[in-house]
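Raw protein-v1.txt, compact mmCIF, C-alpha atoms:
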# COMPACT_ATOMS: atom_id res chain seq x y z
CA MET A 1 -34.69 -35.19 11.49
CA ARG A 2 -32.50 -36.43 14.35
CA TYR A 3 -30.05 -37.89 11.83
CA VAL A 4 -29.81 -34.51 10.12
CA ILE A 5 -29.17 -32.75 13.42
CA ALA A 6 -26.60 -35.40 14.38
CA GLY A 7 -24.77 -34.94 11.07
CA TYR A 8 -24.65 -31.16 11.37
CA VAL A 9 -23.65 -31.25 15.04
CA PHE A 10 -20.84 -33.72 14.42
CA VAL A 11 -19.32 -31.83 11.46
CA LEU A 12 -19.62 -28.40 13.05
CA PHE A 13 -18.32 -29.63 16.40
CA VAL A 14 -15.25 -31.30 14.86
CA LEU A 15 -14.42 -28.29 12.67
CA ALA A 16 -14.87 -25.86 15.58
CA LEU A 17 -12.76 -28.02 17.88
CA TYR A 18 -9.99 -28.30 15.29
CA SER A 19 -10.07 -24.52 14.67
CA VAL A 20 -9.71 -23.81 18.38
CA GLN A 21 -6.88 -26.32 18.61
CA LEU A 22 -5.10 -24.66 15.66
CA VAL A 23 -5.34 -21.21 17.20
CA TRP A 24 -4.17 -22.55 20.57
CA ARG A 25 -1.20 -24.35 18.98
CA ARG A 26 -0.20 -21.26 17.03
CA ARG A 27 -0.41 -19.03 20.08
CA ARG A 28 1.62 -21.46 22.19
CA LEU A 29 4.30 -21.73 19.50
CA ALA A 30 4.39 -17.97 18.97
CA GLN A 31 4.95 -17.48 22.68
CA ALA A 32 7.70 -20.10 22.67
CA VAL A 33 9.39 -18.38 19.72
CA ASN A 34 9.14 -14.97 21.37
CA ARG A 35 10.49 -16.37 24.63
CA ALA A 36 13.34 -18.10 22.84
CA ALA A 37 14.20 -15.05 20.77
CA GLY A 38 14.21 -12.87 23.86
CA PRO A 39 13.80 -9.09 24.15
CA GLY A 40 14.30 -6.91 21.12
CA VAL A 41 12.92 -9.52 18.80
CA VAL A 42 13.89 -9.04 15.19
CA THR A 43 11.42 -10.59 12.83
CA SER A 44 12.07 -11.37 9.21
CA SER A 45 9.58 -8.65 8.30
CA THR A 46 11.44 -6.02 10.29
CA VAL A 47 14.83 -6.64 8.73
CA PRO A 48 15.43 -3.80 6.25
CA ALA A 49 15.08 -4.64 2.59
CA GLY A 50 18.47 -5.29 1.08
CA ALA A 51 20.00 -6.51 4.30
CA VAL A 52 18.52 -9.93 3.85
CA THR A 53 16.28 -11.46 1.27
CA SER A 54 14.82 -14.84 0.62
CA ASN A 55 15.86 -17.12 -2.18
CA SER A 56 13.67 -19.44 -4.23
CA ALA A 57 14.02 -22.05 -1.51
CA GLY A 58 12.35 -19.70 0.94
CA GLU A 59 15.57 -19.32 2.90
CA VAL A 60 16.84 -16.02 4.21
CA VAL A 61 20.11 -15.15 2.57
CA ALA A 62 22.52 -12.28 2.91
CA MET B 1 10.07 -3.40 17.49
CA THR B 2 8.17 -6.56 18.09
CA ASP B 3 5.98 -8.11 15.44
CA ASP B 4 3.43 -10.60 16.56
CA PRO B 5 4.53 -13.87 15.00
CA SER B 6 1.23 -15.51 15.71
CA THR B 7 -0.23 -14.64 12.35
CA THR B 8 -0.03 -16.17 8.95
CA ALA B 9 1.07 -15.75 5.36
CA LEU B 10 2.17 -18.29 2.85
CA THR B 11 4.68 -15.83 1.47
CA ASP B 12 6.49 -15.68 4.76
CA VAL B 13 10.10 -16.69 4.97
CA SER B 14 10.66 -20.18 6.21
CA GLY B 15 12.63 -19.40 9.31
CA LEU B 16 15.13 -22.00 8.18
CA ALA B 17 17.69 -19.35 7.44
CA PRO B 18 21.28 -20.47 7.10
CA MET B 19 23.60 -19.24 9.83
CA ALA B 20 25.69 -17.39 7.26
CA HIS B 21 23.10 -14.63 6.97
CA GLN B 22 23.41 -13.63 10.59
CA ALA B 23 26.37 -11.41 9.94
CA ALA B 24 24.40 -9.52 7.31
CA ALA B 25 21.33 -8.89 9.44
CA PRO B 26 21.54 -5.60 11.36
CA VAL B 27 20.56 -7.11 14.69
CA THR B 28 19.75 -10.68 15.49
CA ASN B 29 17.84 -12.16 18.35
CA ARG B 30 20.73 -12.72 20.72
CA GLY B 31 22.52 -14.74 18.05
CA VAL B 32 19.73 -16.77 16.51
CA ASN B 33 17.92 -16.35 13.21
CA PRO B 34 15.23 -13.70 12.85
CA VAL B 35 11.82 -14.77 14.04
CA PRO B 36 9.59 -15.37 11.04
CA GLY B 37 7.42 -12.26 11.22
CA GLN B 38 4.16 -11.31 9.64
CA SER B 39 2.73 -8.24 7.96
CA SER B 40 -0.45 -6.61 9.20
CA ARG B 41 -1.95 -7.05 5.72
CA SER B 42 -1.63 -10.81 6.01
CA LYS B 43 -3.27 -10.70 9.43
CA LEU B 44 -6.17 -8.75 7.95
CA VAL B 45 -6.56 -11.18 5.04
CA GLU B 46 -6.54 -14.16 7.39
CA ARG B 47 -9.10 -12.64 9.74
CA SER B 48 -11.34 -11.62 6.83
CA ILE B 49 -11.30 -15.13 5.39
CA GLY B 50 -12.07 -16.60 8.80
CA THR B 51 -14.96 -14.21 9.40
CA VAL B 52 -16.52 -14.78 5.96
CA ALA B 53 -16.14 -18.55 6.40
CA LEU B 54 -17.88 -18.41 9.77
CA VAL B 55 -20.74 -16.25 8.49
CA GLY B 56 -21.10 -18.47 5.40
CA THR B 57 -21.21 -21.64 7.49
CA VAL B 58 -23.85 -20.20 9.83
CA ALA B 59 -25.92 -19.08 6.83
CA THR B 60 -25.62 -22.55 5.25
CA VAL B 61 -26.83 -24.22 8.44
CA TRP B 62 -29.73 -21.79 8.75
CA LEU B 63 -30.80 -22.20 5.10
CA GLY B 64 -30.17 -25.94 5.11
CA ILE B 65 -32.20 -26.75 8.21
CA TRP B 66 -34.92 -24.08 8.34
CA VAL B 67 -35.40 -22.53 4.90
CA THR B 68 -34.96 -25.10 2.11
CA PRO B 69 -37.85 -27.50 1.41
CA PRO B 70 -37.73 -31.24 2.16
CA ASP B 71 -37.12 -33.64 -0.71
CA MET B 72 -39.99 -35.59 -2.29
CA ILE B 73 -38.26 -38.95 -1.75
CA GLN B 74 -35.74 -38.44 1.05
CA GLY B 75 -37.78 -35.95 3.06
CA ASP B 76 -35.74 -34.04 5.64
CA LEU B 77 -32.73 -36.30 5.18
CA VAL B 78 -31.85 -34.37 2.04
CA ARG B 79 -30.70 -31.52 4.30
CA LEU B 80 -27.46 -33.42 4.82
CA VAL B 81 -26.63 -32.66 1.19
CA TYR B 82 -25.72 -29.10 2.20
CA ILE B 83 -22.87 -30.27 4.39
CA HIS B 84 -21.74 -33.78 3.41
CA PRO B 85 -20.61 -33.11 -0.20
CA GLY B 86 -19.03 -29.84 0.96
CA VAL B 87 -16.70 -31.48 3.45
CA ALA B 88 -15.97 -34.25 0.91
CA TRP B 89 -15.08 -31.62 -1.70
CA VAL B 90 -12.64 -29.96 0.69
CA ALA B 91 -11.04 -33.21 1.86
CA LEU B 92 -10.68 -35.07 -1.41
CA TYR B 93 -10.20 -32.39 -4.01
CA LEU B 94 -8.87 -29.30 -2.25
CA ALA B 95 -6.80 -30.65 0.63
CA PHE B 96 -5.44 -33.89 -0.77
CA GLY B 97 -5.29 -32.45 -4.29
CA LEU B 98 -3.25 -29.51 -3.00
CA ALA B 99 -1.02 -31.89 -1.05
CA ALA B 100 -0.35 -33.88 -4.22
CA VAL B 101 0.44 -30.78 -6.30
CA SER B 102 2.65 -29.32 -3.56
CA SER B 103 4.51 -32.61 -3.22
CA LEU B 104 5.06 -32.73 -6.95
CA LEU B 105 6.39 -29.17 -6.90
CA TYR B 106 8.73 -30.10 -4.07
CA LEU B 107 10.10 -33.07 -5.97
CA TRP B 108 10.50 -31.03 -9.16
CA PRO B 109 14.10 -29.76 -9.00
CA ARG B 110 13.29 -26.29 -10.40
CA THR B 111 10.60 -25.57 -7.82
CA ARG B 112 12.09 -27.43 -4.87
CA SER B 113 11.45 -25.52 -1.68
CA LEU B 114 10.49 -26.41 1.88
CA PHE B 115 7.57 -24.05 1.34
CA TRP B 116 5.86 -26.76 -0.74
CA ASP B 117 6.61 -29.42 1.84
CA ARG B 118 5.14 -27.32 4.62
CA LEU B 119 2.09 -26.49 2.50
CA ALA B 120 1.53 -30.18 1.73
CA ALA B 121 1.80 -31.11 5.41
CA ALA B 122 -0.69 -28.40 6.36
CA ALA B 123 -3.12 -29.45 3.63
CA VAL B 124 -2.96 -33.11 4.64
CA GLU B 125 -3.64 -32.42 8.31
CA VAL B 126 -6.65 -30.24 7.52
CA GLY B 127 -7.75 -32.74 4.88
CA VAL B 128 -7.71 -35.61 7.36
CA VAL B 129 -10.08 -33.68 9.64
CA PHE B 130 -12.45 -33.03 6.72
CA ASN B 131 -12.13 -36.65 5.61
CA VAL B 132 -13.25 -37.87 9.04
CA CYS B 133 -16.22 -35.47 8.80
CA THR B 134 -17.02 -36.88 5.33
CA LEU B 135 -17.03 -40.47 6.50
CA VAL B 136 -19.03 -39.83 9.68
CA SER B 137 -21.61 -37.54 8.08
CA GLY B 138 -21.99 -40.05 5.24
CA SER B 139 -22.46 -42.85 7.74
CA ILE B 140 -25.12 -40.83 9.58
CA TRP B 141 -26.88 -40.30 6.25
CA GLY B 142 -26.47 -43.96 5.29
CA LYS B 143 -28.20 -45.42 8.34
CA PRO B 144 -31.73 -44.09 7.64
CA THR B 145 -31.45 -44.41 3.83
CA TRP B 146 -29.57 -47.71 3.39
CA GLY B 147 -30.40 -49.23 6.76
CA VAL B 148 -26.75 -49.64 7.75
CA TRP B 149 -24.08 -47.38 9.24
CA TRP B 150 -21.43 -48.76 6.92
CA ALA B 151 -21.31 -50.76 3.71
CA TRP B 152 -18.23 -52.04 1.91
CA ASP B 153 -19.22 -49.97 -1.05
CA ALA B 154 -16.56 -48.86 -3.54
CA ARG B 155 -16.77 -45.15 -2.74
CA LEU B 156 -16.99 -45.58 1.01
CA THR B 157 -14.16 -48.07 1.12
CA LEU B 158 -11.87 -46.02 -1.13
CA THR B 159 -12.55 -42.89 0.95
CA ALA B 160 -11.63 -44.82 4.10
CA VAL B 161 -8.47 -46.08 2.38
CA LEU B 162 -7.61 -42.48 1.51
CA LEU B 163 -7.94 -41.51 5.16
CA VAL B 164 -5.65 -44.36 6.24
CA LEU B 165 -3.06 -43.43 3.59
CA PHE B 166 -2.90 -39.81 4.68
CA LEU B 167 -2.84 -40.78 8.36
CA GLY B 168 0.23 -42.78 7.37
CA TYR B 169 1.64 -39.65 5.74
CA LEU B 170 1.21 -37.71 9.00
CA ALA B 171 2.77 -40.56 10.99
CA LEU B 172 5.73 -40.64 8.61
CA ARG B 173 6.35 -36.94 9.15
CA ARG B 174 6.72 -37.52 12.88
CA ILE B 175 9.75 -39.76 12.37
CA PRO B 176 12.81 -37.63 13.20
CA ALA B 177 14.82 -36.76 10.09
CA GLU B 178 16.57 -33.90 8.34
CA PRO B 179 13.99 -31.49 6.84
CA GLU B 180 14.99 -32.35 3.27
CA VAL B 181 14.84 -36.10 3.89
CA ARG B 182 11.47 -35.80 5.57
CA ALA B 183 10.16 -33.61 2.77
CA ARG B 184 11.31 -35.99 0.04
CA ARG B 185 9.86 -39.16 1.50
CA SER B 186 6.64 -37.38 2.53
CA ALA B 187 6.23 -36.10 -1.02
CA PHE B 188 6.53 -39.61 -2.44
CA VAL B 189 3.96 -40.94 0.02
CA ALA B 190 1.55 -38.07 -0.74
CA LEU B 191 1.81 -38.76 -4.47
CA PHE B 192 1.23 -42.46 -3.89
CA ALA B 193 -1.82 -41.74 -1.70
CA ALA B 194 -3.17 -39.27 -4.26
CA ILE B 195 -3.66 -42.10 -6.77
CA ASP B 196 -6.75 -42.93 -4.71
CA ILE B 197 -8.38 -39.52 -5.38
CA PRO B 198 -9.53 -40.22 -8.97
CA LEU B 199 -10.53 -43.73 -7.90
CA VAL B 200 -12.84 -42.24 -5.26
CA HIS B 201 -14.25 -39.73 -7.73
CA PHE B 202 -15.01 -42.19 -10.53
CA SER B 203 -16.00 -45.09 -8.26
CA VAL B 204 -19.70 -44.28 -8.64
CA ASN B 205 -19.36 -44.42 -12.45
CA TRP B 206 -17.03 -47.40 -12.74
CA TRP B 207 -18.72 -49.72 -10.26
CA ASN B 208 -22.27 -50.47 -9.25
CA THR B 209 -22.38 -48.81 -5.85
CA LEU B 210 -24.87 -47.90 -3.15
CA HIS B 211 -23.62 -44.34 -3.17
CA GLN B 212 -25.48 -41.97 -5.46
CA GLY B 213 -23.80 -40.34 -8.45
CA ALA B 214 -22.34 -36.83 -8.33
CA THR B 215 -24.88 -34.03 -7.96
CA VAL B 216 -22.56 -31.31 -9.27
CA LEU B 217 -19.28 -32.77 -10.50
CA ASN B 218 -20.88 -35.37 -12.77
CA PRO B 219 -19.54 -36.18 -16.28
CA GLY B 220 -21.88 -33.72 -18.04
CA LEU B 221 -21.56 -31.11 -15.25
CA LYS B 222 -25.37 -31.04 -15.13
CA LEU B 223 -26.66 -29.61 -11.88
CA LYS B 224 -29.19 -32.08 -10.47
CA ILE B 225 -30.49 -29.67 -7.83
CA HIS B 226 -32.32 -26.36 -8.27
CA GLY B 227 -33.66 -23.21 -6.66
CA SER B 228 -32.99 -22.51 -2.99
CA MET B 229 -31.54 -26.01 -2.61
CA ALA B 230 -28.90 -25.33 -5.26
CA LEU B 231 -28.11 -21.94 -3.75
CA THR B 232 -27.65 -23.41 -0.27
CA LEU B 233 -25.50 -26.21 -1.65
CA LEU B 234 -23.31 -23.67 -3.44
CA LEU B 235 -23.07 -21.49 -0.33
CA GLY B 236 -22.04 -24.54 1.69
CA PHE B 237 -19.26 -25.29 -0.79
CA VAL B 238 -17.98 -21.70 -0.68
CA ALA B 239 -18.16 -21.46 3.14
CA LEU B 240 -16.35 -24.75 3.69
CA THR B 241 -13.75 -23.85 1.06
CA LEU B 242 -13.04 -20.59 2.89
CA ALA B 243 -12.91 -22.47 6.21
CA PHE B 244 -10.33 -24.76 4.62
CA VAL B 245 -8.25 -21.80 3.40
CA TRP B 246 -8.30 -20.23 6.87
CA MET B 247 -7.28 -23.49 8.54
CA LEU B 248 -4.56 -23.99 5.94
CA LEU B 249 -3.11 -20.52 6.64
CA VAL B 250 -3.07 -21.10 10.40
CA ARG B 251 -1.66 -24.62 10.06
CA TYR B 252 1.04 -23.42 7.67
CA ARG B 253 2.04 -20.78 10.18
CA ILE B 254 2.30 -23.46 12.86
CA GLY B 255 4.69 -25.34 10.56
CA VAL B 256 6.83 -22.22 10.12
CA LEU B 257 7.07 -21.65 13.87
CA GLU B 258 7.79 -25.32 14.60
CA ASP B 259 10.55 -25.37 12.00
CA TRP B 260 12.03 -22.17 13.39
CA LEU B 261 12.16 -23.61 16.89
CA THR B 262 13.66 -26.87 15.66
CA ALA B 263 16.22 -25.15 13.47
CA ASN B 264 17.31 -22.78 16.23
CA GLU B 265 17.26 -25.29 19.06
CA LEU B 266 21.02 -25.61 19.04
CA ASP B 267 21.66 -21.88 18.70
CA LEU B 268 19.22 -21.10 21.49
CA ALA B 269 20.92 -23.61 23.80
CA LEU B 270 24.26 -21.98 23.01
CA VAL B 271 22.92 -18.51 23.70
CA GLU B 272 21.46 -19.78 26.95
CA ARG B 273 24.87 -21.10 27.99
CA GLN B 274 26.46 -17.79 27.07
CA SER B 275 24.00 -15.82 29.18
CA GLU B 276 24.51 -18.17 32.12
CA GLY B 277 28.28 -18.05 31.90
CA GLY B 278 28.45 -14.32 31.24
CA GLY B 279 30.56 -14.71 28.14
CA PRO B 280 31.07 -16.60 24.94
CA VAL B 281 30.98 -20.36 25.22
CA ASP B 282 34.24 -22.08 24.70
CA GLU B 283 33.83 -24.71 22.03
CA GLY B 284 35.60 -27.24 24.17
CA THR B 285 33.37 -26.71 27.19
CA ALA B 286 30.28 -26.64 25.03
CA GLY B 287 31.05 -30.13 23.96
CA ILE B 288 30.20 -29.43 20.37
CA GLY B 289 33.02 -28.41 18.09
CA ALA B 290 32.57 -25.72 15.46
CA MET B 291 29.06 -25.00 16.69
CA ASP B 292 28.98 -21.59 15.09
CA GLU B 293 29.57 -23.18 11.76
CA LEU B 294 26.56 -25.42 11.96
CA SER B 295 23.89 -24.74 9.40
CA THR B 296 20.28 -24.81 10.49
CA ASP B 297 19.81 -28.38 9.37
CA GLY B 298 22.51 -29.43 11.73
CA VAL B 299 25.17 -30.12 9.11
CA ALA B 300 28.64 -28.80 9.85
CA VAL B 301 29.78 -26.46 7.11
CA ALA B 302 33.14 -25.41 8.49
Take the structure from the file and write it as structure tokens.
Amino acid sequence: MRYVIAGYVFVLFVLALYSVQLVWRRRRLAQAVNRAAGPGVVTSSTVPAGAVTSNSAGEVVA
Amino acid sequence: MTDDPSTTALTDVSGLAPMAHQAAAPVTNRGVNPVPGQSSRSKLVERSIGTVALVGTVATVWLGIWVTPPDMIQGDLVRLVYIHPGVAWVALYLAFGLAAVSSLLYLWPRTRSLFWDRLAAAAVEVGVVFNVCTLVSGSIWGKPTWGVWWAWDARLTLTAVLLVLFLGYLALRRIPAEPEVRARRSAFVALFAAIDIPLVHFSVNWWNTLHQGATVLNPGLKLKIHGSMALTLLLGFVALTLAFVWMLLVRYRIGVLEDWLTANELDLALVERQSEGGGPVDEGTAGIGAMDELSTDGVAVA
């Protein structure tokens, strides 16, 4: 049974650790983006429809 | 209004917006491109997937260790079947398969978009984590059943080769390059590495190996497991698939934010200089001519 427990513990530990790392990385990057963008942040989702749109390449175009 | 950019959606804009659009946007962030934002619906979807994945994984562990019966031959060791094939399914078929398809779509001229490149990169990174879990959990299972931690068996070796190939893919992406150049060469490497996926799958049929044949995805698609054991196995597959989707969404979002920061590095530095100097930066003093005419990939368009 100890092999079974070892297998479960390893897989769950690695997946949990990676998930935490992902969330931490995303939060850190989001903070960096917000800091860089400064006050009055305009996000792509807040730009009114028609003002900008995205093309097939996923780029924002006028 | 400030949207929290720390959430995810694959439909989000890339953040690699060309400078030309800035004049059209009503307000920009002090002269840089809009921060790639996120709708509350996407946040809800992401959180729901994460929650269901977590509950499903906990239920799989509970059923796998405490509820399902031991096997007649393998005894309690069979309980590893509820987790080992699940992580292998995610790594080999979902993650690396998705990376291959995304890379192909990037290389295809009609569907070429950095979206596919970013999706492939996210899938590979998550897939590498699941691949490590596959190899280690398989090794832990191998020791009491085969008597060794590792054997140079066809399936084991090809799975290890797959891991090395995709680690190479991730290393290649870290070499500084223009986004398009990086995307193109990464796509070729992903497609090359993906040749190993069918080899891993059919290795147990083509060669005489230590590894057992497929329990579910066998040639006749005949389920070789029944009752509560089959149900737990299925639940494990679903839970780990959802965990993969959640990780993919978060990792994709990280790629969007990283690309935004990279693409706007120059603009942000310029804005910083402007705020320090209290006025527009003279091109001569900035040391970079025609800076306003630089596109996000750093190519002068003036």
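Here CA of Val148 (chain B) stands at a distance of 20.7 Å from CA of Leu163 (chain B).
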- Query: Hey, can you check how far CA of Val61 (chain B) sits from CA of Gly138 (chain B)?
  - Reply: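 We find that CA of Val61 (chain B) and CA of Gly138 (chain B) lie 16.9 Å from each other.
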- Query: Near region 225-234 of chain B, counting only C-alpha atoms, which residues have an atom at most 6 Å away, once you skip same-chain residues fewer than 2 positions from it, shown as a ChimeraX atom specification?
  - Reply: /B:60,68,82,223,236-237
Could the residues in this selection be saved with C-alpha atoms as a PDB file, in the coordinates of the input?
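What follows is the written file selection.pdb:
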ATOM      1  CA  THR B  60     -25.620 -22.550   5.250  1.00  0.00           C
ATOM      2  CA  THR B  68     -34.960 -25.100   2.110  1.00  0.00           C
ATOM      3  CA  TYR B  82     -25.720 -29.100   2.200  1.00  0.00           C
ATOM      4  CA  LEU B 223     -26.660 -29.610 -11.880  1.00  0.00           C
ATOM      5  CA  GLY B 236     -22.040 -24.540   1.690  1.00  0.00           C
ATOM      6  CA  PHE B 237     -19.260 -25.290  -0.790  1.00  0.00           C
TER       7      PHE B 237
END
- Query: Can you list, as a PyMOL selection string, every protein, DNA or RNA residue that comes within 10 Å of region 4-18 of chain A when you count all atoms listed in the file, leaving out same-chain residues fewer than 2 positions away?
  - Reply: (chain A and resi 1-2+20-24) or (chain B and resi 54+57-58+61+64-65+76-84+87+126+129-130+132-134+136-141+240+243-244+247)
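As for CA of Trp116 (chain B) and CA of Ser186 (chain B), they are spaced 11.1 Å apart.
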- Message: When you count all atoms listed in the file, which of these residues is closest to chain A: B:Val181, B:Val128, B:Val161, B:Leu92?
- Response: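 Checking each of B:Val181, B:Val128, B:Val161, B:Leu92 against chain A, counting all atoms listed in the file, the winner is B:Val128.
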- Task: Please write as a PyMOL selection string the list of polymer residues whose atoms come within 12 Å of (0.7, -20.8, 21.0), counting only C-alpha atoms and keeping to the coordinates of the file.
- Result: (chain A and resi 20-35) or (chain B and resi 4-7+250-251+253-254+257-258)
